[in-house]
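Pasted below: entry15.txt, compact mmCIF, C-alpha atoms.
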```txt
# COMPACT_ATOMS: atom_id res chain seq x y z
CA MET A 5 -63.78 59.77 -127.43
CA PHE A 6 -61.48 58.95 -130.36
CA ASP A 7 -57.82 57.97 -130.57
CA ILE A 8 -55.20 60.71 -130.79
CA ASP A 9 -51.42 60.88 -131.00
CA ILE A 10 -49.36 63.09 -128.70
CA ILE A 11 -45.98 63.88 -130.25
CA ILE A 12 -43.16 65.03 -127.96
CA PRO A 13 -39.79 66.03 -129.50
CA CYS A 14 -37.11 65.14 -126.95
CA TYR A 15 -33.57 66.38 -126.41
CA GLY A 16 -33.35 67.01 -122.68
CA LYS A 17 -32.89 64.73 -119.70
CA SER A 18 -35.57 62.28 -118.64
CA GLU A 19 -36.21 64.24 -115.44
CA LEU A 20 -37.26 67.24 -117.51
CA ILE A 21 -39.66 65.26 -119.72
CA ASN A 22 -41.15 63.25 -116.87
CA LYS A 23 -43.65 65.92 -115.68
CA GLY A 24 -45.35 66.15 -119.06
CA ILE A 25 -45.68 62.41 -119.46
CA ALA A 26 -47.02 62.10 -115.91
CA SER A 27 -49.74 64.62 -116.82
CA ILE A 28 -50.70 62.38 -119.75
CA ALA A 29 -50.69 59.24 -117.61
CA PHE A 30 -53.28 60.85 -115.30
CA GLN A 31 -55.68 61.70 -118.13
CA TRP A 32 -59.20 60.33 -117.96
CA ARG A 33 -59.77 57.72 -120.71
CA ARG A 34 -56.03 57.63 -121.43
CA GLU A 35 -56.58 54.36 -123.32
CA PHE A 36 -57.32 56.55 -126.37
CA ILE A 37 -53.98 58.38 -126.13
CA HIS A 38 -50.85 57.22 -127.98
CA VAL A 39 -47.61 58.92 -126.97
CA THR A 40 -44.61 59.11 -129.31
CA LEU A 41 -41.34 60.48 -127.97
CA VAL A 42 -39.14 61.68 -130.82
CA ASN A 43 -35.51 61.45 -129.72
CA ASP A 44 -33.68 64.08 -131.78
CA CYS A 45 -30.32 62.29 -131.35
CA SER A 46 -30.06 63.65 -127.82
CA PRO A 47 -26.76 63.36 -125.92
CA ASN A 48 -28.80 63.44 -122.72
CA THR A 49 -30.03 59.84 -122.91
CA ASP A 50 -28.11 56.62 -123.28
CA CYS A 51 -31.21 54.42 -123.56
CA ASP A 52 -33.51 56.27 -126.02
CA TYR A 53 -35.67 57.26 -123.04
CA GLN A 54 -36.45 53.62 -122.30
CA ASP A 55 -36.49 54.58 -118.62
CA LEU A 56 -39.54 56.77 -119.27
CA ILE A 57 -41.22 54.08 -121.33
CA ASP A 58 -40.68 51.50 -118.59
CA ARG A 59 -42.02 53.93 -115.99
CA TYR A 60 -45.29 54.65 -117.83
CA LYS A 61 -45.97 51.70 -120.15
CA SER A 62 -48.43 50.16 -117.71
CA GLU A 63 -50.48 53.38 -117.73
CA ILE A 64 -50.33 54.63 -121.33
CA ASP A 65 -49.40 53.53 -124.82
CA ILE A 66 -45.91 55.04 -125.14
CA ARG A 67 -42.95 54.46 -127.43
CA CYS A 68 -39.80 56.25 -128.61
CA ILE A 69 -38.56 56.75 -132.16
CA ARG A 70 -35.26 58.35 -133.16
CA THR A 71 -34.53 60.83 -135.94
CA PRO A 72 -31.75 59.69 -138.30
CA ARG A 73 -29.73 62.79 -137.30
CA ASN A 74 -30.20 65.84 -135.12
CA VAL A 75 -32.68 67.98 -137.06
CA GLY A 76 -34.07 70.52 -134.59
CA GLN A 77 -37.46 70.73 -132.93
CA GLY A 78 -39.45 71.56 -136.08
CA LEU A 79 -38.33 68.58 -138.14
CA ALA A 80 -38.46 66.37 -135.04
CA ARG A 81 -42.15 67.24 -134.79
CA GLN A 82 -42.55 66.51 -138.50
CA TYR A 83 -40.80 63.16 -138.04
CA GLY A 84 -43.36 62.40 -135.35
CA ILE A 85 -46.23 63.34 -137.67
CA ASP A 86 -44.82 61.14 -140.43
CA HIS A 87 -44.48 58.15 -138.09
CA THR A 88 -47.91 58.27 -136.44
CA ASP A 89 -51.34 57.67 -137.95
CA CYS A 90 -54.25 58.79 -135.76
CA ASP A 91 -56.69 61.17 -137.44
CA TYR A 92 -55.94 63.85 -134.84
CA PHE A 93 -52.74 64.66 -132.96
CA MET A 94 -51.25 67.13 -130.47
CA PHE A 95 -47.75 68.40 -129.75
CA MET A 96 -46.23 68.69 -126.33
CA ASP A 97 -42.84 70.20 -125.57
CA GLU A 98 -40.58 68.28 -123.23
CA ASP A 99 -40.76 71.05 -120.60
CA ASP A 100 -44.58 71.46 -120.66
CA MET A 101 -47.53 69.55 -119.24
CA LEU A 102 -51.30 69.22 -119.60
CA GLY A 103 -53.22 71.51 -117.26
CA ASN A 104 -55.83 69.11 -115.87
CA HIS A 105 -56.90 65.45 -115.90
CA LEU A 106 -59.63 66.09 -118.50
CA ALA A 107 -57.62 68.19 -120.96
CA VAL A 108 -57.41 65.63 -123.77
CA SER A 109 -61.04 64.61 -123.27
CA MET A 110 -62.09 68.26 -123.60
CA PHE A 111 -60.15 68.64 -126.85
CA CYS A 112 -61.75 65.54 -128.28
CA GLY A 113 -65.13 66.51 -126.87
CA ALA A 114 -64.97 69.89 -128.63
CA VAL A 115 -64.38 68.13 -131.96
CA GLU A 116 -67.17 65.64 -131.31
CA ALA A 117 -69.61 68.36 -130.23
CA ALA A 118 -68.98 70.22 -133.48
CA SER A 119 -69.68 67.03 -135.41
CA PHE A 120 -72.98 65.99 -133.77
CA ILE A 121 -76.59 67.10 -134.19
CA HIS A 122 -77.77 69.45 -131.44
CA ASN A 123 -81.23 69.98 -129.99
CA ASP A 124 -82.74 73.45 -129.68
CA ASP A 125 -81.51 73.70 -126.08
CA GLY A 126 -77.92 73.02 -127.18
CA SER A 127 -77.75 69.43 -125.98
CA ILE A 128 -76.50 66.64 -128.26
CA ARG A 129 -79.24 64.58 -129.86
CA MET A 130 -79.04 60.82 -129.21
CA ASP A 131 -80.29 57.83 -131.17
CA GLY A 132 -82.41 55.07 -129.65
CA ASP A 133 -79.36 53.34 -128.19
CA GLY A 134 -78.07 56.51 -126.51
CA HIS A 135 -75.33 57.25 -129.05
CA PRO A 136 -74.77 60.80 -130.37
CA LEU A 137 -76.14 61.43 -133.85
CA ASN A 138 -73.50 62.58 -136.34
CA ASN A 139 -74.30 65.70 -138.30
CA LYS A 140 -73.50 64.74 -141.88
CA ASP A 141 -73.76 68.39 -142.91
CA ALA A 142 -71.20 69.62 -140.37
CA LYS A 143 -67.81 70.73 -141.60
CA PRO A 144 -64.88 68.60 -140.43
CA VAL A 145 -62.76 70.21 -137.72
CA ALA A 146 -59.26 71.28 -138.79
CA ILE A 147 -58.15 72.35 -135.32
CA ALA A 148 -59.31 72.77 -131.75
CA SER A 149 -57.21 75.55 -130.21
CA ALA A 150 -56.95 76.17 -126.47
CA PRO A 151 -55.06 78.76 -124.38
CA LEU A 152 -51.59 78.28 -122.90
CA PHE A 153 -50.93 79.28 -119.30
CA VAL A 154 -47.39 80.63 -118.92
CA PHE A 155 -45.69 81.18 -115.58
CA ASP A 156 -42.32 81.50 -113.88
CA GLU A 157 -40.96 83.10 -110.70
CA GLN A 158 -41.68 86.61 -111.98
CA THR A 159 -44.98 86.52 -113.83
CA SER A 160 -47.92 84.51 -115.11
CA TYR A 161 -50.27 85.14 -117.99
CA THR A 162 -52.52 83.42 -120.53
CA ILE A 163 -51.82 83.20 -124.26
CA GLU A 164 -55.35 83.04 -125.63
CA SER A 165 -56.74 80.25 -127.76
CA SER A 166 -56.96 82.56 -130.79
CA ASN A 167 -53.16 82.91 -130.99
CA HIS A 168 -51.59 82.05 -134.35
CA VAL A 169 -48.02 81.63 -133.05
CA TRP A 170 -47.70 78.62 -130.75
CA VAL A 171 -48.23 75.07 -132.03
CA ASN A 172 -48.90 73.80 -128.50
CA SER A 173 -52.28 73.40 -126.81
CA LYS A 174 -53.92 72.56 -130.12
CA LEU A 175 -55.50 69.42 -131.57
CA TYR A 176 -54.75 69.07 -135.30
CA SER A 177 -56.50 67.21 -138.10
CA ARG A 178 -54.02 65.12 -140.06
CA ALA A 179 -56.33 65.19 -143.09
CA PHE A 180 -56.29 69.00 -143.15
CA LEU A 181 -52.49 69.15 -143.06
CA ASP A 182 -52.24 66.60 -145.86
CA ARG A 183 -54.85 68.46 -147.90
CA HIS A 184 -52.76 71.63 -147.84
CA SER A 185 -49.24 70.14 -147.66
CA ILE A 186 -48.52 71.93 -144.38
CA ARG A 187 -45.21 70.73 -142.99
CA PHE A 188 -42.38 71.95 -140.81
CA ASN A 189 -39.42 72.85 -142.99
CA GLU A 190 -35.67 72.75 -142.52
CA ALA A 191 -35.16 76.50 -142.62
CA GLN A 192 -37.39 76.97 -139.56
CA SER A 193 -36.55 73.74 -137.74
CA ARG A 194 -34.34 75.08 -134.97
CA HIS A 195 -35.82 78.55 -134.46
CA ALA A 196 -39.22 80.13 -135.26
CA GLU A 197 -40.62 76.72 -136.23
CA ASP A 198 -43.97 77.46 -134.54
CA TYR A 199 -44.40 80.72 -136.43
CA TYR A 200 -43.94 79.26 -139.92
CA PHE A 201 -46.15 76.22 -139.29
CA THR A 202 -49.06 78.06 -137.71
CA GLU A 203 -49.04 81.00 -140.18
CA CYS A 204 -49.38 78.52 -143.06
CA PHE A 205 -52.01 76.53 -141.18
CA PHE A 206 -54.28 79.46 -140.36
CA PHE A 207 -53.93 81.01 -143.80
CA CYS A 208 -55.32 77.76 -145.25
CA LEU A 209 -58.04 77.52 -142.60
CA ASP A 210 -59.14 81.09 -143.32
CA ASN A 211 -59.47 80.26 -147.01
CA ASP A 212 -60.79 76.69 -146.99
CA PRO A 213 -64.61 76.89 -146.75
CA GLU A 214 -64.93 73.14 -146.27
CA TYR A 215 -63.27 73.07 -142.82
CA GLN A 216 -63.90 74.76 -139.49
CA GLY A 217 -61.77 75.61 -136.48
CA ILE A 218 -62.76 75.64 -132.78
CA LEU A 219 -61.62 78.14 -130.15
CA MET A 220 -61.78 76.71 -126.64
CA ASP A 221 -62.48 78.49 -123.36
CA ASN A 222 -59.73 80.93 -122.34
CA GLY A 223 -60.70 80.57 -118.70
CA THR A 224 -59.77 76.88 -118.46
CA LEU A 225 -56.32 75.42 -117.80
CA PHE A 226 -55.65 73.05 -120.68
CA TYR A 227 -51.88 73.34 -121.07
CA LEU A 228 -49.04 74.64 -118.88
CA TRP A 229 -45.81 76.15 -120.12
CA TYR A 230 -43.78 75.84 -116.94
CA PRO A 231 -40.34 77.26 -116.10
CA ASN A 232 -37.29 75.55 -117.56
CA VAL A 233 -34.19 77.46 -116.55
CA GLU A 234 -32.12 75.43 -119.00
CA SER A 235 -34.02 76.59 -122.09
CA GLN A 236 -32.13 78.90 -124.41
CA SER A 237 -34.89 81.50 -124.39
CA ARG A 238 -34.56 81.89 -120.61
CA ARG A 239 -30.80 81.41 -120.39
CA ASP A 240 -29.68 83.82 -123.12
CA PRO A 241 -30.59 87.51 -122.60
CA GLU A 242 -29.88 88.15 -126.31
CA TYR A 243 -32.07 85.30 -127.52
CA GLY A 244 -34.70 87.64 -128.95
CA TYR A 245 -32.15 89.37 -131.16
CA MET A 246 -30.52 86.10 -132.18
CA LEU A 247 -33.97 84.87 -133.18
CA SER A 248 -34.69 87.92 -135.38
CA GLY A 249 -33.20 86.55 -138.59
CA TYR A 250 -34.83 83.16 -138.26
CA THR A 251 -38.22 84.77 -137.63
CA MET A 252 -37.88 87.06 -140.66
CA ASP A 253 -36.74 84.11 -142.76
CA GLY A 254 -39.90 82.40 -141.54
CA SER A 255 -41.89 85.34 -142.93
CA VAL A 256 -40.21 84.91 -146.31
CA ASN A 257 -41.13 81.23 -146.38
CA VAL A 258 -44.69 81.95 -145.25
CA ILE A 259 -45.12 84.39 -148.14
CA ARG A 260 -43.70 81.83 -150.58
CA TYR A 261 -46.04 79.18 -149.20
CA MET A 262 -48.97 81.55 -149.71
CA GLN A 263 -47.84 82.22 -153.27
CA ASP A 264 -47.73 78.48 -153.97
CA SER A 265 -51.08 77.78 -152.30
CA ALA A 266 -53.06 78.43 -155.49
CA SER A 267 -52.50 74.75 -156.27
CA HIS A 268 -54.72 73.70 -153.35
CA LEU A 269 -56.73 76.84 -152.52
CA GLU A 270 -59.13 78.84 -154.61
CA TRP A 271 -57.70 82.34 -154.73
CA THR A 272 -60.71 84.61 -154.38
CA GLU A 273 -60.52 88.40 -154.27
CA ASN A 274 -60.59 88.08 -150.48
CA THR A 275 -57.62 85.66 -150.51
CA LYS A 276 -55.62 87.96 -152.76
CA GLU A 277 -56.33 90.91 -150.47
CA GLN A 278 -55.37 88.88 -147.41
CA TYR A 279 -52.07 87.95 -149.04
CA ARG A 280 -51.39 91.54 -150.11
CA LEU A 281 -51.92 92.94 -146.61
CA LYS A 282 -49.98 90.10 -145.00
CA LEU A 283 -46.97 90.93 -147.20
CA LEU A 284 -47.17 94.60 -146.19
CA ASN A 285 -47.50 93.72 -142.50
CA MET A 286 -44.62 91.23 -142.49
CA THR A 287 -42.32 93.59 -144.38
CA MET A 288 -43.18 96.44 -142.02
CA TYR A 289 -42.34 94.17 -139.09
CA SER A 290 -39.04 93.17 -140.69
CA TYR A 291 -38.17 96.85 -141.29
CA PHE A 292 -38.47 97.71 -137.59
CA THR A 293 -36.72 94.48 -136.60
CA PHE A 294 -33.77 95.13 -138.94
CA LEU A 295 -33.21 98.68 -137.71
CA SER A 296 -33.59 97.78 -134.04
CA PHE A 297 -31.10 94.91 -134.45
CA ILE A 298 -28.52 97.35 -135.85
CA LYS A 299 -29.16 99.91 -133.10
CA HIS A 300 -28.86 97.21 -130.44
CA VAL A 301 -25.48 96.12 -131.79
CA GLN A 302 -24.29 99.73 -131.94
CA THR A 303 -25.35 100.70 -128.42
CA THR A 304 -24.73 97.56 -126.35
CA GLY A 305 -22.08 94.92 -125.92
CA TYR A 306 -23.98 92.47 -128.09
CA VAL A 307 -21.83 90.82 -130.79
CA PRO A 308 -24.02 88.69 -133.08
CA GLU A 309 -22.88 85.55 -134.81
CA PRO A 310 -22.15 86.29 -138.48
CA GLU A 311 -24.76 83.72 -139.57
CA ASP A 312 -27.46 85.45 -137.51
CA TRP A 313 -26.69 88.79 -139.16
CA TYR A 314 -26.61 87.44 -142.69
CA ILE A 315 -29.87 85.48 -142.26
CA LEU A 316 -31.60 88.63 -141.00
CA GLN A 317 -30.15 90.78 -143.76
CA LYS A 318 -31.04 88.35 -146.53
CA ALA A 319 -34.59 87.79 -145.25
CA CYS A 320 -35.34 91.50 -144.83
CA ASN A 321 -34.05 92.22 -148.32
CA ALA A 322 -36.17 89.39 -149.79
CA LEU A 323 -39.34 90.74 -148.15
CA ARG A 324 -38.49 94.27 -149.29
CA GLU A 325 -38.06 93.12 -152.90
CA MET A 326 -41.33 91.16 -152.86
CA LEU A 327 -43.22 94.18 -151.53
CA TYR A 328 -41.52 96.59 -153.95
CA SER A 329 -42.91 94.72 -156.97
CA ASP A 330 -46.44 95.74 -155.84
CA TRP A 331 -45.58 98.90 -153.93
CA ASP A 332 -47.66 101.24 -156.10
CA ARG A 333 -50.81 99.22 -155.37
CA TYR A 334 -50.77 100.08 -151.67
CA THR A 335 -52.64 103.20 -150.62
CA TYR A 336 -51.19 105.80 -148.31
CA THR A 337 -53.79 104.84 -145.71
CA GLU A 338 -52.80 101.16 -145.83
CA ARG A 339 -49.14 102.05 -145.32
CA ILE A 340 -49.82 104.39 -142.41
CA GLU A 341 -52.25 102.00 -140.73
CA ASN A 342 -49.78 99.11 -140.90
CA TYR A 343 -46.99 101.34 -139.57
CA PHE A 344 -49.15 102.23 -136.57
CA VAL A 345 -50.34 98.67 -135.94
CA VAL A 346 -46.89 97.07 -136.12
CA LYS A 347 -45.28 99.78 -133.98
CA ASN A 348 -47.97 99.88 -131.28
CA HIS A 349 -49.83 96.58 -131.30
CA THR A 350 -47.23 93.86 -131.91
CA ASP A 351 -44.19 92.60 -130.01
CA VAL A 352 -41.79 94.17 -132.51
CA LYS A 353 -38.63 95.72 -131.07
CA PHE A 354 -38.88 99.39 -132.02
CA THR A 355 -36.18 101.97 -132.60
CA GLU A 356 -36.67 105.39 -134.16
CA PRO A 357 -35.99 104.86 -137.90
CA TRP A 358 -33.20 106.76 -139.64
CA VAL A 359 -34.57 105.77 -143.06
CA SER A 360 -38.26 106.09 -143.96
CA PHE A 361 -40.21 102.96 -144.78
CA SER A 362 -40.95 104.24 -148.29
CA ASP A 363 -37.25 104.90 -149.01
CA TYR A 364 -36.36 101.53 -147.48
CA ILE A 365 -38.74 99.76 -149.88
CA CYS A 366 -37.92 101.75 -153.01
CA THR A 367 -34.14 102.20 -152.72
CA GLY A 368 -33.06 100.07 -149.76
CA CYS A 369 -30.45 101.31 -147.32
CA LYS A 370 -26.70 100.90 -147.02
CA GLU A 371 -27.03 98.52 -144.05
CA LEU A 372 -28.68 95.91 -146.29
CA LYS A 373 -25.26 95.47 -147.93
CA TRP A 374 -23.09 95.60 -144.83
CA SER A 375 -20.76 92.74 -143.99
CA ILE A 376 -20.59 91.60 -140.37
CA GLU A 377 -17.31 93.53 -140.08
CA GLU A 378 -19.00 96.75 -141.20
CA LEU A 379 -21.81 96.15 -138.72
CA LEU A 380 -19.34 95.76 -135.85
CA GLN A 381 -17.30 98.76 -137.03
CA SER A 382 -20.44 100.87 -136.77
CA LYS A 383 -20.48 99.95 -133.06
CA ASP A 384 -17.06 101.59 -132.66
CA ILE A 385 -18.19 104.69 -134.55
CA LYS A 386 -21.30 104.95 -132.43
CA GLU A 387 -19.32 104.62 -129.22
CA GLU A 388 -16.95 107.40 -130.25
```
As structure tokens - that is how I would like this structure written.
Amino acid sequence: MFDIDIIIPCYGKSELINKGIASIAFQWRREFIHVTLVNDCSPNTDCDYQDLIDRYKSEIDIRCIRTPRNVGQGLARQYGIDHTDCDYFMFMDEDDMLGNHLAVSMFCGAVEAASFIHNDDGSIRMDGDGHPLNNKDAKPVAIASAPLFVFDEQTSYTIESSNHVWVNSKLYSRAFLDRHSIRFNEAQSRHAEDYYFTECFFFCLDNDPEYQGILMDNGTLFYLWYPNVESQSRRDPEYGYMLSGYTMDGSVNVIRYMQDSASHLEWTENTKEQYRLKLLNMTMYSYFTFLSFIKHVQTTGYVPEPEDWYILQKACNALREMLYSDWDRYTYTERIENYFVVKNHTDVKFTEPWVSFSDYICTGCKELKWSIEELLQSKDIKEE
């Protein structure tokens, strides 16, 4: 087993974070684990979580560092990356925990297994001293991705290891991130930070032939996302709509990252096609999201913050303009297929459109220029 960092951005109370750290302290071969708590200038601790360090320092290597100012979960994770140095690292949220006592060993074991020479029966070949033989021809591992088990009082389900959304339950190669300049950014630090980071990561992995990724068994409990009634996503029934603008802004920044990636990726015909279809898919998603946001405001008591409306509006317009520059290159079949896929096979909030997607792309719609006052006035008109 090799050394890894576990980075935990912290803002909550020690009691909340304690479960996750306890699950690390019970790991087999925990001497290889180095835990860094990143205190994001939390008002919920008066000792920089020294109480947690004192509680667990005899069991694990644990320390706390503090961001210079409150920066949000994304940049707090990045601060942790920048202030640790193991070749591989994991993230853990303060309200999550590892799923079993061998979780970290299984992550590391998956990387090691992909790096060793195997016999015909699948077993790892050993040298004369009983040490595994490294396969010098094997590609280095960029990521080992495992499923997340999600549960609360109402439901439980598994987010599979192939997911490209959540940063958790994954073991990352620091060298791969450095190679492709993949970082959390300020625009997505407080909301949709997972989405931006992982979309950039997997785009690079799909187009970097020198690295490989590992998908781990979906039937094993590696990581638990347990109930936290204090989290905003559970506390605020309108959280999904509030998040809309930040997610769409994340799409804009993902597309810009992809455009800039020619400096570190070879843009083959396949890469260009992947980018082209990703732009269509993201813009289609933003189209449905924008219209459903408006309809939700008009038909419910929801009153969005002006900033949330303007972020959504600006991001949707930016995606629309980027797609419009290449609109004629998309076939009718590509447009129809993406419409069907986004509507029926994603988590997009859908409302029956009052402007066609083609018209939306080519000429826009009046709502893309509305002020927050005009948006709220449309609620009154709708109610009448």
Nearest-residue call for Ile376 (chain A), choices A:Tyr291, A:Tyr230, A:Phe201, A:Trp313, using all atoms listed in the file: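 Ranked by minimum distance to Ile376 (chain A), first place goes to A:Trp313.
Non-sequential neighbours of region 176-184 of chain A (distance at most 10 Å, separation of 5 or more positions within a chain, only C-alpha atoms) are Ile8, Asp9, Ile85, Thr88, Asp89, Cys90, Asp91, Tyr92, Phe93, Met94, Phe95, Pro144, Val145, Ala146, Ile147, Ala148, Ser149, Val171, Cys204, Phe205, Cys208, Leu209, Asp212, Tyr215, Gly217, Ser265, Ser267, His268 and Leu269 of chain A.
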Near-Asp141 (chain A) list (12 Å; all atoms listed in the file; drop same-chain fewer than 2 positions) as a PyMOL selection string: chain A and resi 118-121+137-139+143-144+214-215
Among listed residues A:Glu63, A:Glu341, A:Asp55, A:Asp351, nearest Phe30 (chain A) (using all atoms listed in the file):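 Distance minimum relative to Phe30 (chain A) lands on A:Glu63.
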One-decimal distance in Å that lies between CA of Ile28 (chain A) and CA of Gly113 (chain A):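 The value is 16.6 Å.
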Two-atom distance - CA of Pro213 (chain A), CA of Asp86 (chain A) (Å):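 Between these atoms lies a distance of 26.1 Å.
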With 3 Å added on each side, what axis-aligned box encloses every listed atom of region 50-54 of chain A? Give the centre and edge lengths in Å to one decimal, as AutoDock Vina command-line options.
```
--center_x -32.3 --center_y 55.4 --center_z -124.2 --size_x 14.3 --size_y 9.6 --size_z 9.7
```
Contact residues around Glu157 (chain A) with all atoms listed in the file at 10 Å, ignoring same-chain residues under 2 positions, as a PyMOL selection string: chain A and resi 155+159-160+230-231
Contacts of region 56-58 of chain A at 9 Å (only C-alpha atoms; same-chain gap of 2+ positions) as a PyMOL selection string: chain A and resi 18+21-22+25+53-54+60-62+65-68
Taking (-64.3, 55.9, -123.8) as a centre in this file's frame and 12 Å as the limit, can you find every polymer residue with an atom that close, using all atoms listed in the file, and give them as a PDB file with C-alpha atoms, in the frame of the given file?
```pdb
ATOM      1  CA  MET A   5     -63.780  59.770-127.430  1.00  0.00           C
ATOM      2  CA  PHE A   6     -61.480  58.950-130.360  1.00  0.00           C
ATOM      3  CA  ASP A   7     -57.820  57.970-130.570  1.00  0.00           C
ATOM      4  CA  GLN A  31     -55.680  61.700-118.130  1.00  0.00           C
ATOM      5  CA  TRP A  32     -59.200  60.330-117.960  1.00  0.00           C
ATOM      6  CA  ARG A  33     -59.770  57.720-120.710  1.00  0.00           C
ATOM      7  CA  ARG A  34     -56.030  57.630-121.430  1.00  0.00           C
ATOM      8  CA  GLU A  35     -56.580  54.360-123.320  1.00  0.00           C
ATOM      9  CA  PHE A  36     -57.320  56.550-126.370  1.00  0.00           C
ATOM     10  CA  ILE A  37     -53.980  58.380-126.130  1.00  0.00           C
ATOM     11  CA  VAL A 108     -57.410  65.630-123.770  1.00  0.00           C
ATOM     12  CA  SER A 109     -61.040  64.610-123.270  1.00  0.00           C
ATOM     13  CA  CYS A 112     -61.750  65.540-128.280  1.00  0.00           C
ATOM     14  CA  GLY A 113     -65.130  66.510-126.870  1.00  0.00           C
TER      15      GLY A 113
END
```
Distance criterion (only C-alpha atoms): nearest to Tyr343 (chain A) out of A:Ser193, A:Ile315, A:Ser255, A:Tyr289: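 Closest to Tyr343 (chain A) of all the choices is A:Tyr289.
Shortest atom-to-atom contact with Leu327 (chain A) among A:Lys299, A:Ile259, A:Leu106, A:Gly305: A:Ile259, counting all atoms listed in the file.
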Point-to-point distance in Å for CA of His195 (chain A) and CA of Thr275 (chain A):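 Going from CA of Thr275 (chain A) over to CA of His195 (chain A) covers 28.0 Å.
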Within 7 Å of Leu228 (chain A) using all atoms listed in the file, minus same-chain residues under 4 positions, as a list in words: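 My reading of the contact set: Asp100, Met101, Leu102, Gly103, Leu152, Phe153 and Val154 of chain A.
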